[in-house]
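This is start07.txt. It holds compact mmCIF, C-alpha atoms.
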```txt
# COMPACT_ATOMS: atom_id res chain seq x y z
CA MET A 1 0.00 0.00 0.00
CA ALA A 2 2.76 2.42 1.03
CA LEU A 3 4.97 1.97 -2.09
CA PRO A 4 2.33 2.72 -4.78
CA MET A 5 1.15 5.68 -2.69
CA LYS A 6 4.72 6.94 -2.55
CA ARG A 7 5.07 6.76 -6.34
CA LEU A 8 1.72 8.50 -6.78
CA ALA A 9 2.79 11.24 -4.41
CA GLU A 10 6.11 11.66 -6.26
CA ASN A 11 4.24 12.20 -9.53
CA ALA A 12 1.95 14.68 -7.82
CA THR A 13 5.00 16.53 -6.57
CA LYS A 14 6.26 17.00 -10.12
CA LEU A 15 2.94 18.61 -11.05
CA MET A 16 2.99 20.82 -7.94
CA LYS A 17 6.35 22.25 -8.98
CA HIS A 18 4.69 23.84 -12.04
CA TRP A 19 2.08 25.56 -9.90
CA THR A 20 4.00 26.72 -6.85
CA SER A 21 6.14 29.81 -6.98
CA PRO A 22 9.78 28.76 -6.77
CA SER A 23 11.23 32.15 -5.88
CA ALA A 24 10.50 32.30 -2.14
CA THR A 25 11.31 28.64 -1.60
CA ALA A 26 14.52 28.85 -3.58
CA CYS A 27 15.53 32.03 -1.80
CA THR A 28 14.94 30.58 1.65
CA ARG A 29 16.67 27.30 0.76
CA PHE A 30 19.63 29.21 -0.71
CA TYR A 31 19.77 31.44 2.35
CA CYS A 32 19.71 28.49 4.73
CA GLN A 33 22.33 26.60 2.74
CA GLN A 34 24.60 29.60 2.65
CA ALA A 35 24.17 29.99 6.38
CA GLU A 36 25.10 26.34 6.85
CA ASN A 37 28.26 27.00 4.84
CA GLY A 38 28.98 30.12 6.86
CA ASP A 39 29.07 32.22 3.71
CA VAL A 40 26.30 34.72 4.48
CA ALA A 41 27.66 38.04 3.33
CA ALA A 42 25.20 40.44 4.97
CA ALA A 43 25.22 38.95 8.48
CA LYS A 44 22.83 40.40 11.05
CA PRO A 45 24.43 41.93 14.14
CA PHE A 46 24.83 39.88 17.29
CA ASP A 47 22.53 40.88 20.18
CA THR A 48 25.09 41.58 22.92
CA THR A 49 22.41 41.68 25.65
CA LEU A 50 22.42 37.87 25.37
CA LEU A 51 25.87 37.86 27.00
CA LYS A 52 24.14 38.34 30.37
CA VAL A 53 22.77 34.78 30.24
CA LEU A 54 25.05 32.93 27.80
CA VAL A 55 27.68 30.49 29.04
CA CYS A 56 29.84 27.83 27.47
CA PRO A 57 27.60 24.76 26.94
CA VAL A 58 30.31 22.43 28.26
CA SER A 59 31.99 24.28 31.14
CA LYS A 60 29.01 26.59 31.99
CA GLN A 61 31.52 29.43 32.42
CA PRO A 62 30.96 32.96 31.02
CA LEU A 63 31.84 33.77 27.43
CA ARG A 64 33.81 36.66 26.00
CA TYR A 65 32.69 38.37 22.77
CA ASP A 66 35.47 38.68 20.17
CA GLN A 67 34.10 41.31 17.80
CA THR A 68 37.01 41.02 15.36
CA ASN A 69 36.41 37.38 14.56
CA ASN A 70 32.70 37.50 15.46
CA GLU A 71 33.06 34.65 17.94
CA LEU A 72 32.24 33.88 21.55
CA ILE A 73 35.30 32.70 23.45
CA SER A 74 35.28 30.26 26.33
CA ASP A 75 38.55 31.14 28.07
CA SER A 76 38.05 28.29 30.55
CA LEU A 77 38.19 25.70 27.76
CA GLY A 78 40.12 27.57 25.08
CA VAL A 79 37.27 27.19 22.58
CA ALA A 80 35.69 29.67 20.19
CA TYR A 81 32.06 29.42 19.11
CA PRO A 82 31.01 31.13 15.87
CA ILE A 83 28.22 33.65 15.39
CA ARG A 84 26.42 33.07 12.08
CA ASN A 85 24.00 35.67 10.82
CA GLY A 86 23.73 37.14 14.29
CA ILE A 87 22.91 33.77 15.87
CA PRO A 88 25.48 32.47 18.37
CA ASN A 89 26.17 28.81 17.58
CA LEU A 90 26.67 27.28 21.03
CA VAL A 91 26.28 23.59 20.28
CA PRO A 92 29.49 21.91 21.56
CA GLN A 93 30.28 20.52 18.10
CA ASP A 94 30.35 24.09 16.72
CA GLY A 95 33.36 24.97 18.87
CA ARG A 96 36.83 25.61 17.45
CA ILE A 97 39.85 24.90 19.64
CA LEU A 98 41.87 28.09 19.81
CA ASP A 99 45.27 26.63 19.00
CA THR A 100 44.03 25.80 15.45
CA GLN A 101 43.91 28.29 12.60
CA ILE A 102 40.70 29.97 11.54
CA PRO A 103 39.39 28.04 8.50
CA GLY A 104 40.41 29.85 5.32
CA ALA A 105 43.18 31.87 6.96
CA LYS A 106 46.56 31.77 5.22
CA PRO A 107 49.42 30.28 7.26
CA THR A 108 52.15 32.73 8.26
CA MET B 1 35.79 18.70 1.89
CA ALA B 2 38.87 20.08 3.67
CA THR B 3 36.65 22.30 5.80
CA SER B 4 34.44 19.36 6.87
CA MET B 5 37.51 17.24 7.63
CA THR B 6 38.95 20.09 9.70
CA LYS B 7 35.62 20.40 11.53
CA CYS B 8 35.53 16.63 12.24
CA GLN B 9 39.07 16.77 13.60
CA ASN B 10 38.14 19.81 15.68
CA CYS B 11 35.07 18.06 17.08
CA SER B 12 37.01 15.03 18.25
CA LYS B 13 39.77 17.25 19.64
CA LEU B 14 37.18 19.37 21.40
CA ALA B 15 35.53 16.31 22.95
CA ASN B 16 38.92 15.12 24.18
CA ARG B 17 39.95 18.55 25.44
CA CYS B 18 36.67 19.21 27.26
CA PHE B 19 36.75 16.04 29.30
CA TYR B 20 40.48 16.12 30.07
CA ARG B 21 40.32 19.69 31.33
CA LEU B 22 37.19 19.28 33.41
CA PHE B 23 38.24 16.18 35.35
CA SER B 24 41.38 14.63 36.85
CA THR B 25 43.33 12.25 34.64
CA SER B 26 41.87 8.96 35.81
CA ILE B 27 38.34 10.29 36.12
CA SER B 28 38.54 12.09 32.77
CA GLN B 29 39.69 8.92 31.04
CA ASN B 30 36.75 7.05 32.53
CA ALA B 31 34.41 9.92 31.71
CA TYR B 32 35.59 10.05 28.09
CA ALA B 33 35.28 6.26 27.81
CA ASN B 34 31.78 6.44 29.25
CA HIS B 35 30.89 9.30 26.91
CA THR B 36 32.10 7.23 23.95
CA LYS B 37 30.14 4.20 25.13
CA GLU B 38 27.03 6.31 25.65
CA SER B 39 27.17 7.63 22.11
CA GLU B 40 27.24 4.00 20.86
CA LYS B 41 24.14 3.08 22.87
CA LYS B 42 21.11 2.22 20.81
CA THR B 43 18.00 4.34 20.68
CA HIS B 44 15.06 4.82 18.38
CA PHE B 45 14.74 7.09 15.36
CA GLY B 46 11.07 6.62 14.64
CA PHE B 47 10.69 2.85 14.32
CA GLU B 48 14.33 2.45 13.31
CA THR B 49 17.05 1.49 15.82
CA VAL B 50 20.16 3.68 15.62
CA THR B 51 23.02 4.74 17.88
CA GLU B 52 22.48 7.86 19.96
CA ALA B 53 25.11 9.72 17.95
CA GLU B 54 23.34 8.82 14.71
CA LYS B 55 19.97 9.94 16.06
CA GLU B 56 21.10 13.49 16.72
CA GLU B 57 22.51 13.80 13.23
CA LYS B 58 19.44 12.28 11.61
CA VAL B 59 17.07 14.56 13.54
CA TYR B 60 19.20 17.55 12.56
CA LYS B 61 18.92 16.58 8.89
CA VAL B 62 15.15 16.08 9.14
CA PHE B 63 14.60 19.62 10.39
CA ARG B 64 17.12 21.11 8.01
CA ASN B 65 15.14 19.50 5.19
CA VAL B 66 11.69 20.58 6.43
CA ALA B 67 12.60 24.09 7.69
CA ASP B 68 11.31 26.10 4.75
CA LYS B 69 8.04 24.14 4.57
CA TYR B 70 7.61 23.61 8.31
CA ASP B 71 4.82 26.10 8.90
CA LEU B 72 2.94 25.13 5.74
CA MET B 73 3.12 21.45 6.69
CA ASN B 74 1.91 22.12 10.23
CA ASP B 75 -1.20 23.76 8.80
CA ALA B 76 -1.75 21.00 6.26
CA MET B 77 -1.22 18.07 8.63
CA SER B 78 -3.38 19.39 11.44
CA GLY B 79 -5.92 21.34 9.43
CA GLY B 80 -4.77 24.45 11.26
CA ILE B 81 -5.59 22.95 14.67
CA HIS B 82 -1.95 23.34 15.78
CA ARG B 83 -2.64 27.09 15.97
CA LEU B 84 -5.44 26.48 18.48
CA TRP B 85 -3.18 24.18 20.52
CA LYS B 86 -0.48 26.82 20.67
CA ASP B 87 -2.97 29.60 21.50
CA HIS B 88 -4.28 27.47 24.39
CA PHE B 89 -0.72 26.76 25.51
CA ILE B 90 -0.02 30.48 25.86
CA ARG B 91 -3.32 31.08 27.68
CA ARG B 92 -2.36 28.32 30.12
CA MET B 93 0.98 30.04 30.63
CA SER B 94 -0.78 33.41 31.19
CA PRO B 95 2.51 35.30 31.15
CA ARG B 96 2.66 38.59 32.96
CA PRO B 97 4.55 41.71 31.85
CA GLY B 98 8.24 41.41 32.59
CA THR B 99 8.38 37.64 32.05
CA LYS B 100 11.60 36.20 30.65
CA LEU B 101 10.87 33.15 28.52
CA LEU B 102 13.26 30.54 27.15
CA ASP B 103 11.61 28.73 24.27
CA VAL B 104 13.63 25.62 23.43
CA ALA B 105 13.28 23.84 20.09
CA GLY B 106 11.44 27.03 19.22
CA GLY B 107 12.69 27.08 15.64
CA THR B 108 10.31 29.13 13.54
CA GLY B 109 8.99 31.18 16.45
CA ASP B 110 5.36 30.13 16.81
CA ILE B 111 5.39 30.13 20.61
CA ALA B 112 7.70 33.16 20.86
CA PHE B 113 5.50 35.40 18.71
CA ARG B 114 2.36 34.33 20.55
CA PHE B 115 4.04 35.05 23.88
CA LEU B 116 5.05 38.57 22.84
CA ASN B 117 1.64 39.37 21.40
CA TYR B 118 -0.14 38.05 24.51
CA VAL B 119 1.92 40.07 26.99
CA ARG B 120 1.89 43.24 24.93
CA SER B 121 -1.86 43.10 24.29
CA GLN B 122 -2.46 42.58 28.02
CA SER B 123 -0.22 45.56 28.81
CA ASP B 124 -1.97 47.77 26.28
CA PHE B 125 -5.36 46.77 27.67
CA ASN B 126 -4.27 47.50 31.25
CA SER B 127 -2.87 50.90 30.27
CA LEU B 128 -6.04 51.81 28.43
CA THR B 129 -8.20 50.71 31.35
CA ALA B 130 -6.11 52.75 33.80
CA LEU B 131 -6.38 55.82 31.60
CA GLN B 132 -10.12 55.44 31.24
CA THR B 133 -10.59 54.96 34.99
CA SER B 134 -8.51 58.01 35.83
CA THR B 135 -10.45 60.10 33.33
CA GLU B 136 -13.77 59.02 34.83
CA GLN B 137 -12.52 59.87 38.31
CA GLY B 138 -11.22 63.22 37.16
CA VAL B 139 -7.64 62.42 38.13
CA ASP B 140 -4.95 64.00 35.96
CA ILE B 141 -2.39 61.54 34.63
CA ASN B 142 1.04 62.79 33.79
CA GLU B 143 1.64 61.68 30.18
CA ASP B 144 5.28 60.88 30.86
CA GLU B 145 4.41 58.69 33.83
CA ASN B 146 1.78 56.86 31.85
CA SER B 147 4.14 56.12 28.96
CA GLN B 148 6.87 54.96 31.35
CA VAL B 149 4.49 52.60 33.11
CA SER B 150 3.16 51.20 29.85
CA GLY B 151 6.72 50.82 28.54
CA ARG B 152 7.77 48.83 31.60
CA SER B 153 4.70 46.66 31.48
CA ARG B 154 5.35 45.79 27.83
CA ASP B 155 8.89 44.76 28.74
CA CYS B 156 9.05 41.01 28.26
CA HIS B 157 11.67 38.97 26.48
CA VAL B 158 11.87 35.61 24.77
CA THR B 159 15.04 33.75 23.82
CA VAL B 160 14.41 31.18 21.12
CA CYS B 161 16.86 28.28 21.27
CA ASP B 162 17.05 25.58 18.60
CA ILE B 163 19.69 23.09 17.49
CA ASN B 164 19.00 23.88 13.84
CA GLN B 165 20.31 27.05 12.15
CA SER B 166 17.83 26.70 9.26
CA MET B 167 14.80 26.69 11.53
CA LEU B 168 16.07 29.72 13.45
CA GLU B 169 16.64 31.69 10.27
CA VAL B 170 13.11 30.96 9.09
CA GLY B 171 11.96 32.30 12.46
CA MET B 172 14.11 35.42 12.13
CA ASN B 173 12.67 36.13 8.71
CA ARG B 174 9.14 35.69 10.03
CA ALA B 175 9.88 38.13 12.86
CA THR B 176 11.17 40.71 10.40
CA GLN B 177 8.14 40.29 8.15
CA SER B 178 5.80 40.61 11.16
CA GLY B 179 7.49 43.80 12.30
CA ILE B 180 8.73 42.26 15.57
CA THR B 181 11.96 44.14 16.18
CA SER B 182 12.45 43.95 19.94
CA GLY B 183 12.03 41.54 22.83
CA ILE B 184 13.30 38.45 21.01
CA SER B 185 16.72 36.81 20.68
CA TRP B 186 17.86 33.77 18.71
CA LEU B 187 20.32 31.14 19.86
CA LYS B 188 21.62 27.87 18.44
CA GLY B 189 22.01 25.37 21.24
CA ASN B 190 21.42 21.79 22.30
CA ALA B 191 18.55 21.26 24.75
CA GLU B 192 20.63 18.60 26.53
CA CYS B 193 23.47 21.03 27.28
CA LEU B 194 22.06 24.52 27.20
CA PRO B 195 24.51 27.43 26.95
CA ILE B 196 22.53 29.28 29.58
CA GLU B 197 23.46 30.33 33.12
CA ASP B 198 21.67 28.80 36.11
CA ASN B 199 18.48 30.41 37.39
CA SER B 200 18.10 32.74 34.40
CA PHE B 201 14.52 32.45 33.18
CA ASP B 202 10.99 32.66 34.54
CA VAL B 203 9.40 30.21 32.12
CA TYR B 204 10.83 27.41 29.97
CA THR B 205 8.78 26.08 27.10
CA ILE B 206 9.38 23.31 24.59
CA ALA B 207 6.67 22.75 22.00
CA PHE B 208 6.71 19.73 19.68
CA GLY B 209 10.44 19.35 20.21
CA ILE B 210 11.19 17.14 23.18
CA ARG B 211 10.28 13.88 21.48
CA ASN B 212 13.10 14.51 18.99
CA CYS B 213 15.71 14.74 21.74
CA THR B 214 17.94 11.74 22.45
CA HIS B 215 17.94 12.03 26.27
CA ILE B 216 14.66 13.45 27.50
CA ASP B 217 15.71 13.29 31.15
CA LYS B 218 18.77 15.48 30.39
CA VAL B 219 16.55 18.01 28.64
CA VAL B 220 14.26 18.27 31.66
CA GLU B 221 17.25 18.46 34.03
CA GLU B 222 18.65 21.35 32.00
CA ALA B 223 15.26 23.04 32.11
CA TYR B 224 15.33 22.76 35.90
CA ARG B 225 18.83 24.25 36.03
CA VAL B 226 18.12 27.34 33.93
CA LEU B 227 14.80 28.23 35.58
CA ARG B 228 14.83 30.55 38.55
CA PRO B 229 13.28 29.25 41.80
CA GLY B 230 9.54 29.41 41.30
CA GLY B 231 9.96 29.18 37.55
CA ARG B 232 7.67 27.12 35.38
CA PHE B 233 8.39 24.31 32.93
CA MET B 234 5.81 23.82 30.18
CA CYS B 235 5.83 21.25 27.42
CA LEU B 236 3.42 20.95 24.50
CA GLU B 237 3.84 17.62 22.77
CA PHE B 238 2.05 14.90 20.89
CA SER B 239 0.87 12.23 23.27
CA HIS B 240 -1.18 9.06 23.44
CA VAL B 241 -4.87 8.65 22.62
CA SER B 242 -6.43 6.25 25.09
CA ASN B 243 -9.73 5.61 23.31
CA PRO B 244 -9.14 2.56 21.04
CA LEU B 245 -11.52 3.67 18.27
CA LEU B 246 -10.15 7.19 18.11
CA ARG B 247 -6.61 5.81 18.29
CA SER B 248 -7.16 3.59 15.25
CA VAL B 249 -8.55 6.52 13.24
CA TYR B 250 -5.62 8.69 14.35
CA ASP B 251 -3.08 5.98 13.42
CA GLU B 252 -4.60 5.53 9.98
CA TYR B 253 -4.50 9.27 9.36
CA SER B 254 -0.93 9.52 10.64
CA PHE B 255 0.57 6.72 8.58
CA GLN B 256 -1.54 6.91 5.42
CA VAL B 257 -2.03 10.65 4.96
CA ILE B 258 0.79 12.61 6.59
CA PRO B 259 3.74 11.10 4.68
CA VAL B 260 1.76 11.61 1.44
CA LEU B 261 1.23 15.26 2.34
CA GLY B 262 4.92 15.49 3.14
CA GLN B 263 5.81 14.18 -0.32
CA ILE B 264 3.34 16.42 -2.16
CA LEU B 265 3.97 19.66 -0.29
CA ALA B 266 7.58 19.27 0.81
CA ALA B 267 8.90 16.54 -1.54
CA ASP B 268 10.04 14.67 1.56
CA TRP B 269 8.24 11.44 2.44
CA ASP B 270 10.91 10.12 4.81
CA SER B 271 11.05 13.13 7.13
CA TYR B 272 7.32 13.05 7.74
CA GLN B 273 7.35 9.27 8.11
CA TYR B 274 9.90 9.81 10.88
CA LEU B 275 7.75 12.49 12.50
CA VAL B 276 4.67 10.25 12.81
CA GLU B 277 6.77 7.31 14.02
CA SER B 278 8.49 9.46 16.65
CA ILE B 279 5.10 10.33 18.17
CA ARG B 280 4.44 6.64 18.85
CA GLN B 281 7.85 6.21 20.45
CA PHE B 282 7.43 9.07 22.90
CA GLN B 283 6.32 8.44 26.49
CA ASN B 284 2.64 8.56 27.38
CA GLN B 285 1.22 11.27 29.60
CA GLU B 286 1.83 9.54 32.95
CA ASP B 287 5.36 8.34 32.12
CA PHE B 288 6.44 11.78 30.99
CA LYS B 289 4.88 13.30 34.11
CA ARG B 290 6.99 10.87 36.16
CA ILE B 291 10.16 11.97 34.35
CA ILE B 292 9.41 15.63 35.04
CA ARG B 293 8.85 14.91 38.72
CA THR B 294 12.04 12.84 38.96
CA CYS B 295 14.04 15.78 37.63
CA GLY B 296 12.92 17.91 40.56
CA PHE B 297 9.81 19.73 39.43
CA ARG B 298 6.78 19.87 41.70
CA ALA B 299 3.08 20.45 41.19
CA VAL B 300 3.42 18.52 37.94
CA THR B 301 0.21 18.28 35.95
CA TYR B 302 -0.87 17.53 32.43
CA GLU B 303 -3.85 18.45 30.30
CA ASN B 304 -5.01 16.51 27.25
CA LEU B 305 -6.04 18.36 24.15
CA THR B 306 -8.05 16.81 21.30
CA PHE B 307 -8.65 13.49 23.09
CA GLY B 308 -4.97 13.10 23.99
CA VAL B 309 -3.50 13.72 20.53
CA VAL B 310 -1.58 16.51 22.26
CA ALA B 311 -0.84 17.11 25.95
CA ILE B 312 0.43 20.10 27.93
CA HIS B 313 2.69 19.14 30.83
CA SER B 314 3.54 21.71 33.48
CA GLY B 315 5.78 21.75 36.55
CA PHE B 316 7.31 24.28 38.92
CA LYS B 317 10.81 24.64 40.35
CA LEU B 318 9.89 24.88 44.02
```
Let me see the file written as structure tokens.
Amino acid sequence: MALPMKRLAENATKLMKHWTSPSATACTRFYCQQAENGDVAAAKPFDTTLLKVLVCPVSKQPLRYDQTNNELISDSLGVAYPIRNGIPNLVPQDGRILDTQIPGAKPT
Amino acid sequence: MATSMTKCQNCSKLANRCFYRLFSTSISQNAYANHTKESEKKTHFGFETVTEAEKEEKVYKVFRNVADKYDLMNDAMSGGIHRLWKDHFIRRMSPRPGTKLLDVAGGTGDIAFRFLNYVRSQSDFNSLTALQTSTEQGVDINEDENSQVSGRSRDCHVTVCDINQSMLEVGMNRATQSGITSGISWLKGNAECLPIEDNSFDVYTIAFGIRNCTHIDKVVEEAYRVLRPGGRFMCLEFSHVSNPLLRSVYDEYSFQVIPVLGQILAADWDSYQYLVESIRQFQNQEDFKRIIRTCGFRAVTYENLTFGVVAIHSGFKL
């Protein structure tokens, strides 16, 4: 039952693509993908009032805002968390250990 | 490719560094070994059995895929009823002016926007009533005082936290389009290890998000930590329908209609198949209430909506 329904739905999807406007969807998908790649050019500013409540997700110690690199630094762990499009990315896996180079930076 | 490899190396280095710095050598080695073992433990992803590490990644991908169609699909799947559930959720919260809300798994901002509108409309109504009363009594109101009072009473704030950047950006765009320019912040974080200081918020909400988390008990423990004493935990989530006839109708609708809608409207059968399966895997009302109580909350209650299709659980940090 499920497999024929799936094929029917896939065919219906192809028809829907002719009727739905692609511009908004494509724009949002592009925007999200660019954000995932960290390539958003016109990034929104970071809301610094958040610093009152934000801490490192691992050590629960306060964070320091590095405006130059647009990162939040956990001095207790030596980790930097990026800010993408004004949104601080404070999932532990987002952290960058500070003795590594910034991705894309040329070695001296 | 190089960037993703660098990120993978950074992640494993970060995991090593975090545990070795936080604990003594012998304890940190045990802790890291335990952490590694825990990530290999099996859990469910819908009806599929996966490792805990895999589940987090799979859930992340589901919501990255559905982000730009999330609101449309919510309307289509529920016939718009999800709006009524969320409206009722906010009425149950009855937030007062000055409330600081943390909305976890808040993605596209449905709860956050309702919260702001509720508090601000209450404040406006109270200001108008006060002005009318003073006029009737013939008492002069200083205009500056009145505007200061109304400004303070409108002062509420919501921080939307989600693990998915795509969902947050959809929410940010919606806020901009709705003209909401103040009182809201956006944060990417994991509900199981929130980047939030202890005792920071008055209310913690998680709506249609907790069933996607790998360790529900850790999520509730983190909620307890970040709430101030007296703060309130509220969860809106799909739950279990006890009536057998209604349950069979609901199951048929879930498994025969929703994935089809997902394919037609979002070109994504699998993500919506996962979503309906994950509802069946989540705890029932009483079991979830027990988890909330175990994590320290008191006065824990739940309320069924739509015959138990959805339930609101509430508890206080006393």
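In this structure, atom CA of Ala299 of chain B sits 8.6 Å away from atom CA of Leu318 of chain B.
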Between atom CA of Glu52 of chain B and atom CA of Ile216 of chain B, distance in Å (one decimal):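 Computed distance, atom CA of Glu52 of chain B to atom CA of Ile216 of chain B, equals 12.2 Å.
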Polymer residues at most 10 Å from Asn70 of chain A, all atoms listed in the file, same-chain spacing of 6 or more positions, as a PyMOL selection string: chain A and resi 45-46+80-84+86+88
For Trp85 of chain B, the nearest of the candidates B:Val249, B:Ile292, B:Cys161, B:Ile111, counting all atoms listed in the file: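 Using all atoms listed in the file, the shortest distance to Trp85 of chain B belongs to B:Ile111.
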Report the closest atom pair, with its distance in Å rounded to one decimal, for each residue of chain B that has an atom no farther than 6 Å from chain A; count all atoms listed in the file, sort by chain and then rising residue number, and write it as CSV.
```
residue,atom,partner,partner_atom,distance
B:Cys11,CA,A:Gln93,CA,5.5
B:Ser166,CA,A:Cys32,CA,5.2
B:Trp186,CA,A:Ile87,CA,5.8
B:Leu187,CA,A:Ile87,CA,5.4
B:Lys188,CA,A:Asn89,CA,4.7
B:Gly189,CA,A:Val91,CA,4.7
B:Asn190,CA,A:Val91,CA,5.6
B:Cys193,CA,A:Pro57,CA,5.6
B:Leu194,CA,A:Pro57,CA,5.6
B:Pro195,CA,A:Pro57,CA,4.1
B:Ile196,CA,A:Leu54,CA,4.8
B:Glu197,CA,A:Val53,CA,5.3
B:Val260,CA,A:Ala9,CA,6.0
B:Gln263,CA,A:Ala9,CA,5.9
B:Ile264,CA,A:Thr13,CA,4.7
```
I need the residues from that last selection saved to file as a PDB file, in the frame of the given file (with C-alpha atoms), if you can.
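Listed below is the output, again22.pdb:
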```
ATOM      1  CA  CYS B  11      35.070  18.060  17.080  1.00  0.00           C
ATOM      2  CA  SER B 166      17.830  26.700   9.260  1.00  0.00           C
ATOM      3  CA  TRP B 186      17.860  33.770  18.710  1.00  0.00           C
ATOM      4  CA  LEU B 187      20.320  31.140  19.860  1.00  0.00           C
ATOM      5  CA  LYS B 188      21.620  27.870  18.440  1.00  0.00           C
ATOM      6  CA  GLY B 189      22.010  25.370  21.240  1.00  0.00           C
ATOM      7  CA  ASN B 190      21.420  21.790  22.300  1.00  0.00           C
ATOM      8  CA  CYS B 193      23.470  21.030  27.280  1.00  0.00           C
ATOM      9  CA  LEU B 194      22.060  24.520  27.200  1.00  0.00           C
ATOM     10  CA  PRO B 195      24.510  27.430  26.950  1.00  0.00           C
ATOM     11  CA  ILE B 196      22.530  29.280  29.580  1.00  0.00           C
ATOM     12  CA  GLU B 197      23.460  30.330  33.120  1.00  0.00           C
ATOM     13  CA  VAL B 260       1.760  11.610   1.440  1.00  0.00           C
ATOM     14  CA  GLN B 263       5.810  14.180  -0.320  1.00  0.00           C
ATOM     15  CA  ILE B 264       3.340  16.420  -2.160  1.00  0.00           C
TER      16      ILE B 264
END
```
Top pick for closest residue to Val220 of chain B, considering B:Leu131, B:Val241, B:Ala207, B:Cys295 and counting all atoms listed in the file: B:Cys295
Pairwise distance for atom CA of Glu277 of chain B and atom CA of Glu222 of chain B, rounded to one decimal in Å: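 So the answer is 25.7 Å.
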For Met73 of chain B, work out the shell of residues within 9 Å, counting all atoms listed in the file and skipping chain neighbours fewer than 2 positions away, then give it as a compact mmCIF listing (two decimals) with C-alpha atoms, in the coordinates of the input.
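As written to disk, out.txt reads:
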```txt
# COMPACT_ATOMS: atom_id res chain seq x y z
CA VAL B 66 11.69 20.58 6.43
CA LYS B 69 8.04 24.14 4.57
CA TYR B 70 7.61 23.61 8.31
CA ASP B 71 4.82 26.10 8.90
CA ASP B 75 -1.20 23.76 8.80
CA ALA B 76 -1.75 21.00 6.26
CA MET B 77 -1.22 18.07 8.63
CA SER B 78 -3.38 19.39 11.44
CA LEU B 261 1.23 15.26 2.34
CA GLY B 262 4.92 15.49 3.14
CA LEU B 265 3.97 19.66 -0.29
CA ALA B 266 7.58 19.27 0.81
```
